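A short worksheet on the structure shown next.
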Amino acid sequence: MEYTNKIVTGDCLTVMRTISDNSVDVTFADPPFNLKKKYNGYIDSKDMEEYLHWCQQWIEEMVRITKPTGSILVHNIPRWLTYYASFLNYVANFRHWISWSAPTSPMGKSLQPAHYGILFYAKDMKQNKCYELRSPHKRDRKSKYLSKDYGGKKAALHPYGPLVTDVWTDIHRIKHNKYRDKHPCQLPIHLLERLILMTTDEGDTVLDPFMGTGTTAVAAKRLGRNYIGIELDPMYVEIIKNKLSQETSNSKLGDAWVSIFLKKIVTLRNIDWDIIEPYYIIPEDHKQVDFIEIKLNSSNSAHSPQPLDLSETSLF
Ligand SMILES: C[S@@+](CC[C@H](N)C(=O)[O-])C[C@H]1O[C@@H](n2cnc3c(N)ncnc32)[C@H](O)[C@@H]1O
């Protein structure tokens with residue numbers, strides 16, 4: 001396709017209207033939230049009716065261009081997602097409302113918003129591609145024991161971690177300025193990597209109509225997927241292109257694509273566990289996983305067909 005692995009500078013509606021029906025594997029959108037955020041050029045304060053009418057148009061375009069096997073993912077605050085769901089329910093199939101926890105100051109008011117939502121719709125429920133994922137066990141910071149009490153079921157513990165649910169508390173917003181680009185709403189790369197591992201295969205194409213700083217494209221490239229990015233602001237497009245020129249498709253352990261953050265695997269696909277398991281030192285008695293965190297063993301060449309090199313992965 002004309003736009004494969006390109007970042008297009010322009011209006012997403014105009015560009016998406018030039019893309020054929022059923023031609024992209026996954027569409028992901030993180031639009032402006034209409035909360036008066038200070039972007040470089042875009043004015044984030046539309047009248048509510050105008051904002052929602054505009055959202056309905058690009059959502060319908062996303063659905064139209066997504067393949068029958070594909071997924072439509074939209075990130076926003078719950079307030080706007082309630083409207084998005086009402087548009088999407090007519091043109092696609094609801095799969096999940098993922099709650100991405102984003103804790104705020106404990107000194108704030110009661111019921112202060114502390115999560116974002118990601119709507120996950122299938123273009124066609126019967127054909128939809130969706131892989132089960134695992135994330136590492138959560139542990140007490142000091143004792144290192146598992147936070148969850150597995151009671152008498154400890155022998156059945158998965159050594160790496162549980163299946164991912166629809167509440168994501170283990171991925172944090174980017175807090176430090178040194179890890180951010182000059183943009184008010186940059187998402188963490190491993191959030192997008194989780195979504196991409198869940199809904200695509202190697203070589204699939206992910207389109208993001210609001211590319212911002214290029215998080216979706218970077219995640220797609222690291223995971224051996226193709227991307228199509230659209231962004232209105234040429235200054236952000238410059239940032240994206242610079243970042244992409246430094247990325248390689250190497251977020252892998254053996255033959256398995258994985259999401260890495262701070263030199264740890266933070267998401268893997270359940271079907272890849274057999275490939276990944278030999279890279280870890282795992283206690284024979286799985287009950288010990290309750291207090292021993294399994295570690296990657298890159299030196300065990302007998303079990304490691306390819307040495308693991310996490311050094312090139314940027315740490316944010
Ligand atoms: C919430 S940000 C996306 C941030 C992105 N997910 C990231 O991680 O960097 C929304 C982006 O949409 C862009 N934008 C606003 N209106 C647009 C339009 N009509 N077409 C394309 N991009 C647009 C803004 O310039 C802004 O960078």
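Convention: chains lettered A, B, ... in structure tokens order; per-chain residue numbering from 1; ligands numbered from 1 as shown.
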List all protein, DNA and RNA residues that have any atom at most 6 Å from ligand 1, counting only C-alpha atoms and all ligand atoms, and write the list as a list in words. Gly10, Asp11, Cys12, Asp30, Pro31, Pro32, Tyr42, Cys185, Gln186, Leu187, Pro209, Phe210, Met211, Gly212, Thr213, Gly214, Thr215, Ile230, Glu231, Leu232 and Asp233 of chain A
I need the residues from that last selection saved to file as a compact mmCIF listing (two decimals), in the first residue's frame (with C-alpha atoms), if you can.
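And here is the file that came out, selection_34.txt:
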# COMPACT_ATOMS: atom_id res chain seq x y z
CA GLY A 10 -2.00 16.07 7.09
CA ASP A 11 -5.57 15.76 8.29
CA CYS A 12 -6.48 12.18 9.22
CA ASP A 30 -5.38 8.37 20.61
CA PRO A 31 -7.16 11.58 19.56
CA PRO A 32 -6.99 15.00 21.21
CA TYR A 42 -3.70 22.06 17.20
CA CYS A 185 0.21 13.58 25.62
CA GLN A 186 2.87 11.01 24.76
CA LEU A 187 1.91 7.39 25.48
CA PRO A 209 -4.52 8.63 12.56
CA PHE A 210 -3.20 10.81 15.44
CA MET A 211 0.44 9.86 15.53
CA GLY A 212 1.68 12.59 17.92
CA THR A 213 5.27 11.62 18.75
CA GLY A 214 5.11 8.32 16.89
CA THR A 215 4.57 5.91 19.78
CA ILE A 230 -0.99 10.44 10.11
CA GLU A 231 -0.19 13.64 12.00
CA LEU A 232 -1.36 17.20 11.38
CA ASP A 233 1.63 19.00 12.85
Name the residues in contact with Ile276 of chain A at a cut-off of 9 Å, using only C-alpha atoms, excluding same-chain residues fewer than 2 positions from it; report them as a ChimeraX atom specification. /A:253-256,268,272-274,278-280
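Shortest separation to Ser259 of chain A among A:Leu192, A:Leu81, A:Ile292, A:Leu244 occurs at residue A:Leu192, atoms counted being only C-alpha atoms.
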Residues near Thr200 of chain A, cut-off 9 Å, only C-alpha atoms, skip fewer than 5 positions along chain, as number ranges by chain: A: 25-26, 70-71, 129-131, 195, 205-206, 225
Those in segment 19-199 of chain A with helix (DSSP H, G or I) from DSSP, as an MDAnalysis selection string: chainID A and resid 48:65 78:91 151:156 177:179 189:199
For the residues in that selection, give me N, CA and C atoms as a short mmCIF file (atom, residue, chain, number, x, y, z; two decimals), in the first residue's frame.
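Output (out-v2.cif):
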data_model
loop_
_atom_site.label_atom_id
_atom_site.label_comp_id
_atom_site.auth_asym_id
_atom_site.auth_seq_id
_atom_site.Cartn_x
_atom_site.Cartn_y
_atom_site.Cartn_z
N MET A 48 -18.60 20.91 22.07
CA MET A 48 -18.81 19.48 22.32
C MET A 48 -19.47 18.76 21.13
N GLU A 49 -20.53 19.40 20.57
CA GLU A 49 -21.24 18.77 19.44
C GLU A 49 -20.29 18.59 18.25
N GLU A 50 -19.50 19.64 18.02
CA GLU A 50 -18.56 19.60 16.89
C GLU A 50 -17.51 18.51 17.11
N TYR A 51 -17.00 18.44 18.36
CA TYR A 51 -15.98 17.43 18.69
C TYR A 51 -16.53 16.03 18.43
N LEU A 52 -17.72 15.77 18.95
CA LEU A 52 -18.27 14.41 18.83
C LEU A 52 -18.62 14.07 17.38
N HIS A 53 -19.09 15.05 16.62
CA HIS A 53 -19.41 14.81 15.21
C HIS A 53 -18.13 14.44 14.45
N TRP A 54 -17.06 15.20 14.76
CA TRP A 54 -15.76 14.94 14.14
C TRP A 54 -15.26 13.53 14.53
N CYS A 55 -15.39 13.19 15.81
CA CYS A 55 -14.94 11.87 16.27
C CYS A 55 -15.68 10.76 15.54
N GLN A 56 -16.98 10.94 15.39
CA GLN A 56 -17.77 9.90 14.71
C GLN A 56 -17.26 9.66 13.29
N GLN A 57 -16.86 10.76 12.65
CA GLN A 57 -16.39 10.62 11.26
C GLN A 57 -15.09 9.82 11.17
N TRP A 58 -14.10 10.15 12.03
CA TRP A 58 -12.84 9.39 11.90
C TRP A 58 -12.98 7.97 12.44
N ILE A 59 -13.87 7.77 13.41
CA ILE A 59 -14.09 6.40 13.90
C ILE A 59 -14.68 5.55 12.77
N GLU A 60 -15.63 6.10 12.03
CA GLU A 60 -16.24 5.33 10.94
C GLU A 60 -15.22 5.03 9.83
N GLU A 61 -14.32 5.98 9.62
CA GLU A 61 -13.25 5.72 8.64
C GLU A 61 -12.33 4.60 9.11
N MET A 62 -12.01 4.62 10.42
CA MET A 62 -11.16 3.56 10.96
C MET A 62 -11.80 2.20 10.73
N VAL A 63 -13.08 2.10 11.00
CA VAL A 63 -13.77 0.81 10.84
C VAL A 63 -13.77 0.40 9.37
N ARG A 64 -14.05 1.36 8.50
CA ARG A 64 -14.13 1.03 7.06
C ARG A 64 -12.82 0.46 6.54
N ILE A 65 -11.69 1.04 6.95
CA ILE A 65 -10.42 0.60 6.36
C ILE A 65 -9.83 -0.64 7.06
N PRO A 78 -13.00 8.21 29.94
CA PRO A 78 -14.31 7.53 29.92
C PRO A 78 -15.44 8.41 29.39
N ARG A 79 -15.42 9.69 29.71
CA ARG A 79 -16.50 10.57 29.26
C ARG A 79 -16.73 10.47 27.76
N TRP A 80 -15.65 10.55 26.97
CA TRP A 80 -15.81 10.52 25.51
C TRP A 80 -16.01 9.09 25.00
N LEU A 81 -15.44 8.13 25.73
CA LEU A 81 -15.59 6.74 25.27
C LEU A 81 -17.04 6.28 25.32
N THR A 82 -17.84 6.85 26.21
CA THR A 82 -19.25 6.44 26.24
C THR A 82 -19.93 6.82 24.91
N TYR A 83 -19.53 7.96 24.34
CA TYR A 83 -20.08 8.34 23.02
C TYR A 83 -19.48 7.46 21.93
N TYR A 84 -18.16 7.24 22.01
CA TYR A 84 -17.50 6.43 20.97
C TYR A 84 -18.16 5.04 20.90
N ALA A 85 -18.43 4.47 22.08
CA ALA A 85 -19.04 3.13 22.09
C ALA A 85 -20.38 3.16 21.38
N SER A 86 -21.13 4.24 21.58
CA SER A 86 -22.45 4.29 20.93
C SER A 86 -22.30 4.40 19.41
N PHE A 87 -21.22 5.04 18.92
CA PHE A 87 -21.00 5.05 17.44
C PHE A 87 -20.57 3.66 16.99
N LEU A 88 -19.60 3.11 17.73
CA LEU A 88 -18.99 1.85 17.29
C LEU A 88 -19.96 0.67 17.34
N ASN A 89 -20.89 0.70 18.30
CA ASN A 89 -21.81 -0.44 18.43
C ASN A 89 -22.62 -0.68 17.16
N TYR A 90 -22.77 0.36 16.32
CA TYR A 90 -23.55 0.19 15.08
C TYR A 90 -22.71 -0.35 13.93
N VAL A 91 -21.39 -0.18 14.01
CA VAL A 91 -20.57 -0.51 12.83
C VAL A 91 -19.49 -1.57 13.10
N GLY A 151 -3.17 -19.21 47.54
CA GLY A 151 -3.65 -20.24 48.46
C GLY A 151 -3.08 -21.61 48.13
N GLY A 152 -3.95 -22.63 47.99
CA GLY A 152 -3.50 -23.99 47.74
C GLY A 152 -3.18 -24.25 46.27
N LYS A 153 -3.22 -23.20 45.43
CA LYS A 153 -3.00 -23.43 43.99
C LYS A 153 -1.60 -23.03 43.54
N LYS A 154 -0.68 -22.89 44.49
CA LYS A 154 0.66 -22.36 44.13
C LYS A 154 1.43 -23.28 43.17
N ALA A 155 1.17 -24.59 43.24
CA ALA A 155 1.90 -25.51 42.36
C ALA A 155 1.53 -25.26 40.89
N ALA A 156 0.37 -24.67 40.68
CA ALA A 156 -0.09 -24.42 39.30
C ALA A 156 0.30 -23.02 38.81
N ASN A 177 10.42 14.34 32.36
CA ASN A 177 10.57 15.09 31.12
C ASN A 177 11.70 14.57 30.25
N LYS A 178 12.76 14.01 30.90
CA LYS A 178 13.89 13.55 30.08
C LYS A 178 13.50 12.36 29.19
N TYR A 179 12.40 11.69 29.53
CA TYR A 179 11.97 10.56 28.70
C TYR A 179 10.88 10.94 27.70
N ILE A 189 5.63 3.45 25.12
CA ILE A 189 5.76 2.53 23.98
C ILE A 189 5.25 1.13 24.35
N HIS A 190 5.50 0.71 25.60
CA HIS A 190 5.09 -0.67 25.92
C HIS A 190 3.57 -0.81 26.08
N LEU A 191 2.84 0.31 26.19
CA LEU A 191 1.37 0.22 26.14
C LEU A 191 0.95 -0.19 24.72
N LEU A 192 1.54 0.49 23.74
CA LEU A 192 1.21 0.16 22.35
C LEU A 192 1.72 -1.23 21.98
N GLU A 193 2.87 -1.60 22.52
CA GLU A 193 3.40 -2.94 22.22
C GLU A 193 2.43 -4.02 22.71
N ARG A 194 1.84 -3.79 23.87
CA ARG A 194 0.88 -4.79 24.40
C ARG A 194 -0.31 -4.91 23.45
N LEU A 195 -0.83 -3.78 23.00
CA LEU A 195 -1.99 -3.81 22.10
C LEU A 195 -1.63 -4.49 20.77
N ILE A 196 -0.43 -4.19 20.30
CA ILE A 196 0.00 -4.74 19.00
C ILE A 196 0.24 -6.25 19.11
N LEU A 197 0.86 -6.69 20.21
CA LEU A 197 1.06 -8.14 20.39
C LEU A 197 -0.27 -8.87 20.49
N MET A 198 -1.27 -8.19 21.05
CA MET A 198 -2.58 -8.81 21.27
C MET A 198 -3.37 -8.98 19.95
N THR A 199 -3.16 -8.06 19.01
CA THR A 199 -4.08 -8.02 17.86
C THR A 199 -3.43 -8.25 16.49
#
